[in-house]
file run.cif (mmCIF, C-alpha atoms)
data_run
#
loop_
_atom_site.label_atom_id
_atom_site.label_comp_id
_atom_site.auth_asym_id
_atom_site.auth_seq_id
_atom_site.Cartn_x
_atom_site.Cartn_y
_atom_site.Cartn_z
CA ASP A 15 -147.54 -7.02 240.84
CA ALA A 16 -151.18 -6.92 239.88
CA GLU A 17 -152.65 -3.46 239.72
CA ILE A 18 -155.37 -1.19 238.43
CA THR A 19 -154.46 1.80 236.29
CA GLN A 20 -156.35 4.72 234.84
CA SER A 21 -155.52 7.02 231.98
CA PRO A 22 -155.28 9.84 231.45
CA ARG A 23 -154.66 11.08 234.99
CA HIS A 24 -155.72 14.59 234.06
CA LYS A 25 -157.88 15.74 231.18
CA ILE A 26 -159.27 19.09 230.11
CA THR A 27 -161.93 19.03 227.43
CA GLU A 28 -164.57 21.29 225.97
CA THR A 29 -168.31 21.05 226.36
CA GLY A 30 -169.87 18.77 223.78
CA ARG A 31 -166.80 16.66 223.05
CA GLN A 32 -166.73 12.92 223.47
CA VAL A 33 -164.24 11.75 226.08
CA THR A 34 -163.12 8.23 226.98
CA LEU A 35 -161.42 7.40 230.25
CA ALA A 36 -159.50 4.14 230.39
CA CYS A 37 -159.38 1.64 233.24
CA HIS A 38 -157.20 -1.47 233.18
CA GLN A 39 -156.74 -4.09 235.90
CA THR A 40 -154.44 -7.08 235.95
CA TRP A 41 -156.05 -8.98 238.84
CA ASN A 42 -158.46 -10.82 236.57
CA HIS A 43 -161.35 -9.49 238.65
CA ASN A 44 -164.82 -10.04 237.26
CA ASN A 45 -166.39 -6.97 238.85
CA MET A 46 -165.42 -3.48 237.77
CA PHE A 47 -166.90 -0.11 238.70
CA TRP A 48 -166.77 3.54 237.78
CA TYR A 49 -167.40 6.21 240.40
CA ARG A 50 -167.28 9.96 240.45
CA GLN A 51 -166.28 11.92 243.52
CA ASP A 52 -167.42 15.49 244.09
CA LEU A 53 -167.19 17.80 247.07
CA GLY A 54 -170.11 17.22 249.39
CA HIS A 55 -170.91 13.85 247.90
CA GLY A 56 -169.59 10.43 248.63
CA LEU A 57 -168.32 8.29 245.82
CA ARG A 58 -171.28 7.82 243.47
CA LEU A 59 -171.58 4.82 241.22
CA ILE A 60 -171.83 5.55 237.51
CA HIS A 61 -171.70 2.13 235.85
CA TYR A 62 -170.54 -1.33 236.78
CA SER A 63 -169.87 -4.68 235.18
CA TYR A 64 -170.00 -8.23 236.50
CA GLY A 65 -168.01 -9.65 233.61
CA VAL A 66 -167.34 -9.61 229.90
CA GLN A 67 -170.27 -8.23 227.88
CA ASP A 68 -172.11 -7.27 231.05
CA THR A 69 -172.78 -3.61 231.91
CA ASN A 70 -175.21 -2.00 234.34
CA LYS A 71 -176.29 1.50 235.23
CA GLY A 72 -175.47 2.94 238.61
CA GLU A 73 -176.85 5.87 240.53
CA VAL A 74 -175.59 8.63 238.19
CA SER A 75 -175.35 7.00 234.76
CA ASP A 76 -176.94 9.71 232.57
CA GLY A 77 -174.45 10.99 230.00
CA TYR A 78 -172.06 8.08 230.48
CA SER A 79 -171.59 4.69 228.86
CA VAL A 80 -169.26 1.73 229.35
CA SER A 81 -168.35 -1.39 227.44
CA ARG A 82 -166.69 -4.61 228.61
CA SER A 83 -165.06 -6.53 225.79
CA ASN A 84 -162.50 -8.28 228.00
CA THR A 85 -161.86 -8.94 231.67
CA GLU A 86 -159.11 -6.35 232.08
CA ASP A 87 -160.70 -3.17 230.72
CA LEU A 88 -163.77 -1.05 231.41
CA PRO A 89 -163.55 2.23 229.49
CA LEU A 90 -165.92 5.02 230.47
CA THR A 91 -167.24 7.29 227.72
CA LEU A 92 -168.80 10.68 228.12
CA GLU A 93 -170.88 11.00 225.00
CA SER A 94 -171.10 14.79 225.02
CA ALA A 95 -169.17 16.29 227.90
CA ALA A 96 -170.97 18.81 230.11
CA SER A 97 -169.58 21.14 232.76
CA SER A 98 -171.53 19.17 235.37
CA GLN A 99 -169.28 16.23 234.57
CA THR A 100 -166.21 18.01 235.87
CA SER A 101 -165.15 15.64 238.61
CA VAL A 102 -162.62 13.09 239.79
CA TYR A 103 -163.35 9.67 238.35
CA PHE A 104 -162.28 6.46 240.06
CA CYS A 105 -162.31 3.02 238.59
CA ALA A 106 -162.42 0.05 240.96
CA SER A 107 -162.47 -3.72 240.79
CA ARG A 108 -163.12 -6.65 243.07
CA PRO A 109 -163.14 -10.42 242.74
CA GLY A 110 -166.34 -12.13 241.69
CA THR A 111 -166.60 -14.23 244.79
CA GLY A 112 -166.13 -13.47 248.44
CA GLY A 113 -165.28 -10.26 250.24
CA HIS A 114 -166.43 -6.76 249.61
CA GLU A 115 -163.18 -4.84 249.37
CA GLN A 116 -162.89 -2.81 246.22
CA TYR A 117 -159.49 -1.87 244.83
CA PHE A 118 -159.36 1.59 243.36
CA GLY A 119 -157.34 3.05 240.56
CA PRO A 120 -155.46 6.33 241.08
CA GLY A 121 -158.25 8.45 239.59
CA THR A 122 -158.71 10.75 236.61
CA ARG A 123 -159.30 14.43 237.18
CA LEU A 124 -161.55 15.67 234.38
CA THR A 125 -162.32 19.31 233.72
CA VAL A 126 -164.98 20.28 231.19
CA THR A 127 -164.74 23.90 230.11
CA ARG B 26 -182.13 10.44 253.22
CA LYS B 27 -178.53 9.48 252.42
CA GLU B 28 -177.55 5.84 252.82
CA VAL B 29 -174.50 6.80 254.87
CA GLU B 30 -173.95 9.99 256.84
CA GLN B 31 -170.76 11.22 258.42
CA ASP B 32 -169.63 14.33 260.19
CA PRO B 33 -167.38 15.95 257.56
CA GLY B 34 -165.14 17.58 260.17
CA PRO B 35 -162.50 18.77 259.87
CA PHE B 36 -161.01 17.30 263.00
CA ASN B 37 -157.73 18.96 263.95
CA VAL B 38 -155.98 17.11 266.75
CA PRO B 39 -152.48 17.19 268.26
CA GLU B 40 -150.11 14.28 267.90
CA GLY B 41 -150.79 11.64 270.50
CA ALA B 42 -154.46 12.50 270.89
CA THR B 43 -157.33 10.07 270.66
CA VAL B 44 -160.00 10.89 268.10
CA ALA B 45 -163.29 9.22 267.24
CA PHE B 46 -165.39 9.39 264.09
CA ASN B 47 -169.00 8.40 263.80
CA CYS B 48 -171.17 7.28 260.96
CA THR B 49 -174.85 6.37 260.67
CA TYR B 50 -176.50 4.28 257.98
CA SER B 51 -180.12 4.19 256.92
CA ASN B 52 -180.67 0.63 255.69
CA SER B 53 -181.27 -1.76 258.55
CA ALA B 54 -180.63 -4.69 256.18
CA SER B 55 -177.01 -3.68 255.74
CA GLN B 56 -174.66 -6.56 256.41
CA SER B 57 -171.12 -5.35 255.91
CA PHE B 58 -169.34 -2.26 257.12
CA PHE B 59 -165.95 -0.77 256.40
CA TRP B 60 -163.70 2.18 256.96
CA TYR B 61 -161.66 3.34 254.01
CA ARG B 62 -158.87 5.88 254.14
CA GLN B 63 -158.31 8.45 251.41
CA ASP B 64 -155.23 10.64 251.29
CA CYS B 65 -155.38 13.99 249.53
CA ARG B 66 -155.65 13.52 245.77
CA LYS B 67 -155.31 9.75 246.10
CA GLU B 68 -157.63 6.80 245.77
CA PRO B 69 -159.56 5.29 248.69
CA LYS B 70 -157.98 2.26 250.33
CA LEU B 71 -159.50 -0.18 252.78
CA LEU B 72 -158.47 0.60 256.35
CA MET B 73 -160.49 -2.06 258.13
CA SER B 74 -163.69 -4.01 258.08
CA VAL B 75 -166.11 -3.54 260.98
CA TYR B 76 -167.39 -6.66 262.71
CA SER B 77 -170.41 -7.01 264.96
CA SER B 78 -168.31 -7.68 268.02
CA GLY B 79 -166.04 -4.74 267.32
CA ASN B 80 -162.48 -5.14 266.19
CA GLU B 81 -159.09 -3.62 266.70
CA ASP B 82 -156.07 -3.22 264.47
CA GLY B 83 -153.18 -1.64 266.29
CA ARG B 84 -154.18 1.91 267.21
CA PHE B 85 -157.48 1.64 265.35
CA THR B 86 -160.70 0.32 266.86
CA ALA B 87 -163.98 -0.05 264.98
CA GLN B 88 -167.36 -0.53 266.62
CA LEU B 89 -170.78 -1.36 265.24
CA ASN B 90 -174.11 -0.73 266.92
CA ARG B 91 -176.79 -2.39 264.81
CA ALA B 92 -179.67 -1.24 266.99
CA SER B 93 -178.72 2.40 266.46
CA GLN B 94 -177.34 1.82 262.94
CA TYR B 95 -174.15 3.48 263.99
CA ILE B 96 -170.49 2.80 263.24
CA SER B 97 -167.46 4.33 264.88
CA LEU B 98 -163.72 4.49 264.36
CA LEU B 99 -161.37 5.31 267.20
CA ILE B 100 -157.77 6.27 266.59
CA ARG B 101 -155.46 6.25 269.59
CA ASP B 102 -152.07 7.95 269.85
CA SER B 103 -152.59 9.89 266.61
CA LYS B 104 -149.64 10.18 264.26
CA LEU B 105 -148.98 12.84 261.65
CA SER B 106 -149.34 10.08 259.06
CA ASP B 107 -152.96 9.53 260.15
CA SER B 108 -153.93 12.81 258.47
CA ALA B 109 -156.39 11.80 255.77
CA THR B 110 -160.09 11.57 255.02
CA TYR B 111 -161.86 8.55 256.50
CA LEU B 112 -164.77 7.13 254.53
CA CYS B 113 -167.52 5.10 256.13
CA VAL B 114 -168.75 2.41 253.72
CA VAL B 115 -171.81 0.22 254.05
CA ASN B 116 -173.31 -2.44 251.88
CA ASN B 117 -177.05 -2.40 251.21
CA GLY B 118 -177.75 -5.97 252.23
CA LEU B 119 -178.41 -7.14 248.70
CA THR B 120 -176.41 -9.73 246.86
CA GLY B 121 -174.32 -8.68 243.92
CA ALA B 122 -171.27 -6.57 243.52
CA ASN B 123 -172.77 -3.11 243.21
CA ASN B 124 -173.90 -2.74 246.73
CA LEU B 125 -171.46 -0.45 248.52
CA PHE B 126 -172.43 3.02 249.63
CA PHE B 127 -169.80 5.55 250.61
CA GLY B 128 -170.10 8.37 253.09
CA THR B 129 -168.73 11.79 252.19
CA GLY B 130 -165.81 11.30 254.53
CA THR B 131 -164.45 12.82 257.71
CA ARG B 132 -161.28 14.82 257.35
CA LEU B 133 -158.59 14.44 260.01
CA THR B 134 -155.52 16.61 260.39
CA VAL B 135 -152.98 15.65 263.05
CA ILE B 136 -150.96 18.65 264.15
CA PRO B 137 -147.35 18.45 265.40
#

call {"tool": "encode", "arguments": {"input": "run.cif", "output": "structure tokens"}}
result
Amino acid sequence: DAEITQSPRHKITETGRQVTLACHQTWNHNNMFWYRQDLGHGLRLIHYSYGVQDTNKGEVSDGYSVSRSNTEDLPLTLESAASSQTSVYFCASRPGTGGHEQYFGPGTRLTVT
Amino acid sequence: RKEVEQDPGPFNVPEGATVAFNCTYSNSASQSFFWYRQDCRKEPKLLMSVYSSGNEDGRFTAQLNRASQYISLLIRDSKLSDSATYLCVVNNGLTGANNLFFGTGTRLTVIP
């Protein structure tokens, strides 16, 4: 079955380190998204992509970057991890045409110490 | 002002009870509305879309009031398995894929 996966599921890192979170989907969806979820906030959009070689900044993009070299993957990189980036990160995808439902990955719980 | 506002709860209700959640949105141009369900430490999943005329899916009924910019979700005959956080989701009326705004969620616990 088609799916969307994230790795690692849990990560502890130190302040200042570079961290990359992986997201892989097998639905062949054009649109992919990264969100963070924190207590007291709804899901907040970090970056998104409409297709290969396309990336765009979302609401809370500072300190994060993404790249889209193929349809299946949208890795999220924290250039220099900060304690404020401790959060749960969700990747999502949706088809390029029609509908608004987004399909979410299982999430990555990141702790920056 | 937040795009989507929800009462965070928690709502603690006995099995069999009827419970209603409300949500307001700020952008009058919003076109599409949804309720997502999120179980503890899991990803959000679409529960149902919300249509202008209101819609029902089994024990779940969603209503939209465009004039008041208000969305509701009614759960009848609550089950233990309904315990979760319910997210109100609204699009911003623009084209493109990056247009969904999520509420902070309303937490429901159904008690035996």

call {"tool": "residues_around", "arguments": {"input": "run.cif", "residues": "Gly130 (chain B)", "least_positions_apart": "4", "cutoff": "8 Å", "atoms": "all atoms listed in the file", "output": "PDB file with C-alpha atoms, keeping the file's coordinate frame"}}
result
ATOM      1  CA  GLY A  56    -169.590  10.430 248.630  1.00  0.00           C
TER       2      GLY A  56
ATOM      3  CA  GLN B  31    -170.760  11.220 258.420  1.00  0.00           C
ATOM      4  CA  ASP B  32    -169.630  14.330 260.190  1.00  0.00           C
ATOM      5  CA  PRO B  33    -167.380  15.950 257.560  1.00  0.00           C
ATOM      6  CA  THR B 110    -160.090  11.570 255.020  1.00  0.00           C
ATOM      7  CA  TYR B 111    -161.860   8.550 256.500  1.00  0.00           C
ATOM      8  CA  LEU B 112    -164.770   7.130 254.530  1.00  0.00           C
ATOM      9  CA  CYS B 113    -167.520   5.100 256.130  1.00  0.00           C
TER      10      CYS B 113
END

call {"tool": "closest_residue", "arguments": {"input": "run.cif", "among": "A:Val74, A:Leu59, A:Val126, A:Leu88", "to": "chain B", "atoms": "all atoms listed in the file"}}
result
A:Leu59

call {"tool": "resolve_selection", "arguments": {"input": "run.cif", "expression": "the PyMOL selection byres ((chain B) within 7 of (chain A))", "output": "compact mmCIF listing (two decimals) with C-alpha atoms, in the coordinates of the input"}}
result
# COMPACT_ATOMS: atom_id res chain seq x y z
CA LYS B 67 -155.31 9.75 246.10
CA GLU B 68 -157.63 6.80 245.77
CA PRO B 69 -159.56 5.29 248.69
CA LEU B 71 -159.50 -0.18 252.78
CA ALA B 122 -171.27 -6.57 243.52
CA PHE B 127 -169.80 5.55 250.61
CA GLY B 128 -170.10 8.37 253.09
CA THR B 129 -168.73 11.79 252.19

call {"tool": "resolve_selection", "arguments": {"input": "run.cif", "expression": "the PyMOL selection byres ((chain B and resi 102) around 10)", "output": "list in words"}}
result
Pro39, Glu40, Gly41, Ala42, Thr43, Val44, Arg84, Phe85, Ile100, Arg101, Ser103, Lys104 and Asp107 of chain B

call {"tool": "atom_distance", "arguments": {"input": "run.cif", "atom1": "CA of Ser74 (chain B)", "atom2": "CA of Ile136 (chain B)"}}
result
26.7 Å

call {"tool": "atom_distance", "arguments": {"input": "run.cif", "atom1": "CA of Asn124 (chain B)", "atom2": "CA of Arg62 (chain B)"}}
result
18.8 Å

call {"tool": "resolve_selection", "arguments": {"input": "run.cif", "expression": "the PyMOL selection byres ((chain A and resi 124) around 9)", "output": "MDAnalysis selection string"}}
result
chainID A and resid 23:27 99:103 122:123 125:126

call {"tool": "residues_around", "arguments": {"input": "run.cif", "residues": "Leu35 (chain A)", "least_positions_apart": "4", "cutoff": "8 Å", "atoms": "all atoms listed in the file", "output": "ChimeraX atom specification"}}
result
/A:20-22,89-91,122

call {"tool": "residues_around", "arguments": {"input": "run.cif", "residues": "region 76-82 of chain B", "least_positions_apart": "5", "cutoff": "9 Å", "atoms": "all atoms listed in the file", "output": "PyMOL selection string"}}
result
chain B and resi 57-59+87-91

call {"tool": "atom_distance", "arguments": {"input": "run.cif", "atom1": "CA of Ser93 (chain B)", "atom2": "CA of Thr49 (chain B)"}}
result
8.0 Å

call {"tool": "closest_residue", "arguments": {"input": "run.cif", "among": "B:Ala109, B:Leu125, B:Val114, B:Ala92", "to": "Gly34 (chain B)", "atoms": "all atoms listed in the file"}}
result
B:Ala109
